[in-house]
Amino acid sequence: MQKPTRRHLLSLISALPVAVTFPAQLHAQDEPLRLRDLYNRDMSFSNVALANEGARITIAGFMAPPLRAESHFFVLTKMPMAVCPFCEPGTPWPDDILAVYTKRIVNVLPFNAPMLTTGVLELGDYVDPELGFYSKVRLVDATYARG
């Protein structure tokens, strides 16, 4: 019996079906995350969210009506909302909104216009000192465009 050569072994390995698993932070840059990708069913942060904390990500959604004019802040929602989705105090943090902080004053988009928002993902409790808005998850240093 002939001893296998290196070339023979390499050809066998290349012929095998290979399953490649990518870490969560290597989410395809061409494919935006969805808000639901950030949470587990029990409302804890998902592995995707934890792996991307501090990273620049893109999320698809809709701009909620702004809290005030001339702001560097808006809320991204999963579905178009013509009214404020978080104005009732004491309600649990919903898994279908995301606080977004921009460098420039927000140019308000129609509530039903799909958009893509890109920013640095921050996780954990935060109360905006200017607005008093509480968030559990947010994008900072964000940019956005119609999607």
# chains A, B, ... in the order shown; residues from 1 in each chain; ligands from 1

$ closest_atom_pairs --of "stretch 98-144 of chain A" --to "stretch 40-51 of chain A" --cutoff "10 Å" --atoms "only C-alpha atoms" --output "CSV"
residue,atom,partner,partner_atom,distance
A:Leu121,CA,A:Ala49,CA,8.0
A:Glu122,CA,A:Ala49,CA,9.0
A:Leu123,CA,A:Ala49,CA,8.0
A:Gly124,CA,A:Phe45,CA,9.4
A:Lys136,CA,A:Phe45,CA,9.7
A:Val137,CA,A:Phe45,CA,9.1

$ residues_around --residues "A:Ala142" --least-positions-apart "2" --cutoff "12 Å" --atoms "only C-alpha atoms" --output "ChimeraX atom specification"
/A:55-59,72-76,98-106,116-122,138-140,144-145

$ closest_residue --among "A:Val127, A:Leu109, A:Ile97, A:Met115" --to "A:Leu38" --atoms "only C-alpha atoms"
A:Ile97

$ atom_distance --atom1 "atom CA of A:Ala113" --atom2 "atom CA of A:Thr143"
15.6 Å

$ residues_around --residues "A:Pro114" --least-positions-apart "3" --cutoff "10 Å" --atoms "only C-alpha atoms" --output "list in words"
Ala60, Gly61, Phe62, Met63, Thr77, Lys78, Met79, Pro80, Leu109, Pro110, Phe111, Ala145, Arg146 and Gly147 of chain A

$ decode --residues "stretch 88-147 of chain A" --atoms "C-alpha atoms" --output "tab-separated table (two decimals), in the first residue's frame"
chain	number	residue	atom	x	y	z
A	88	GLU	CA	-45.95	56.03	28.87
A	89	PRO	CA	-43.75	56.02	32.01
A	90	GLY	CA	-43.16	52.74	33.79
A	91	THR	CA	-43.71	50.54	30.76
A	92	PRO	CA	-41.13	47.80	30.11
A	93	TRP	CA	-38.44	48.56	27.54
A	94	PRO	CA	-39.80	47.35	24.18
A	95	ASP	CA	-37.63	45.11	22.00
A	96	ASP	CA	-38.68	46.88	18.82
A	97	ILE	CA	-37.15	50.35	19.33
A	98	LEU	CA	-33.61	51.69	19.45
A	99	ALA	CA	-32.36	55.08	20.66
A	100	VAL	CA	-30.15	56.77	18.05
A	101	TYR	CA	-27.75	59.63	18.74
A	102	THR	CA	-26.31	61.54	15.77
A	103	LYS	CA	-23.52	64.11	15.41
A	104	ARG	CA	-25.70	66.41	13.32
A	105	ILE	CA	-29.20	67.74	13.91
A	106	VAL	CA	-31.71	65.15	12.74
A	107	ASN	CA	-33.46	65.82	9.45
A	108	VAL	CA	-36.81	64.17	10.17
A	109	LEU	CA	-37.95	61.52	7.70
A	110	PRO	CA	-41.58	60.52	7.20
A	111	PHE	CA	-42.61	57.96	9.83
A	112	ASN	CA	-43.38	55.36	7.13
A	113	ALA	CA	-40.12	55.72	5.13
A	114	PRO	CA	-37.82	52.69	5.54
A	115	MET	CA	-34.32	53.65	6.60
A	116	LEU	CA	-30.90	52.28	7.44
A	117	THR	CA	-29.10	53.59	10.50
A	118	THR	CA	-25.40	52.99	11.14
A	119	GLY	CA	-23.66	53.69	14.44
A	120	VAL	CA	-21.69	52.32	17.36
A	121	LEU	CA	-23.75	49.88	19.43
A	122	GLU	CA	-23.96	50.61	23.16
A	123	LEU	CA	-25.70	48.27	25.61
A	124	GLY	CA	-26.90	48.89	29.17
A	125	ASP	CA	-29.08	51.33	31.05
A	126	TYR	CA	-28.63	54.99	30.16
A	127	VAL	CA	-30.65	58.11	30.90
A	128	ASP	CA	-30.07	61.01	28.51
A	129	PRO	CA	-29.18	63.99	30.74
A	130	GLU	CA	-30.80	66.49	28.36
A	131	LEU	CA	-34.01	64.67	27.42
A	132	GLY	CA	-34.46	62.33	30.37
A	133	PHE	CA	-35.02	59.54	27.84
A	134	TYR	CA	-34.16	56.09	29.22
A	135	SER	CA	-32.63	53.51	26.89
A	136	LYS	CA	-31.38	49.98	27.29
A	137	VAL	CA	-29.70	49.85	23.87
A	138	ARG	CA	-28.64	52.61	21.49
A	139	LEU	CA	-26.54	53.63	18.51
A	140	VAL	CA	-24.17	56.56	18.96
A	141	ASP	CA	-22.17	58.57	16.45
A	142	ALA	CA	-24.88	57.50	14.01
A	143	THR	CA	-25.69	58.30	10.41
A	144	TYR	CA	-28.87	57.38	8.56
A	145	ALA	CA	-30.41	57.32	5.11
A	146	ARG	CA	-33.59	56.17	3.47
A	147	GLY	CA	-33.41	52.45	2.88
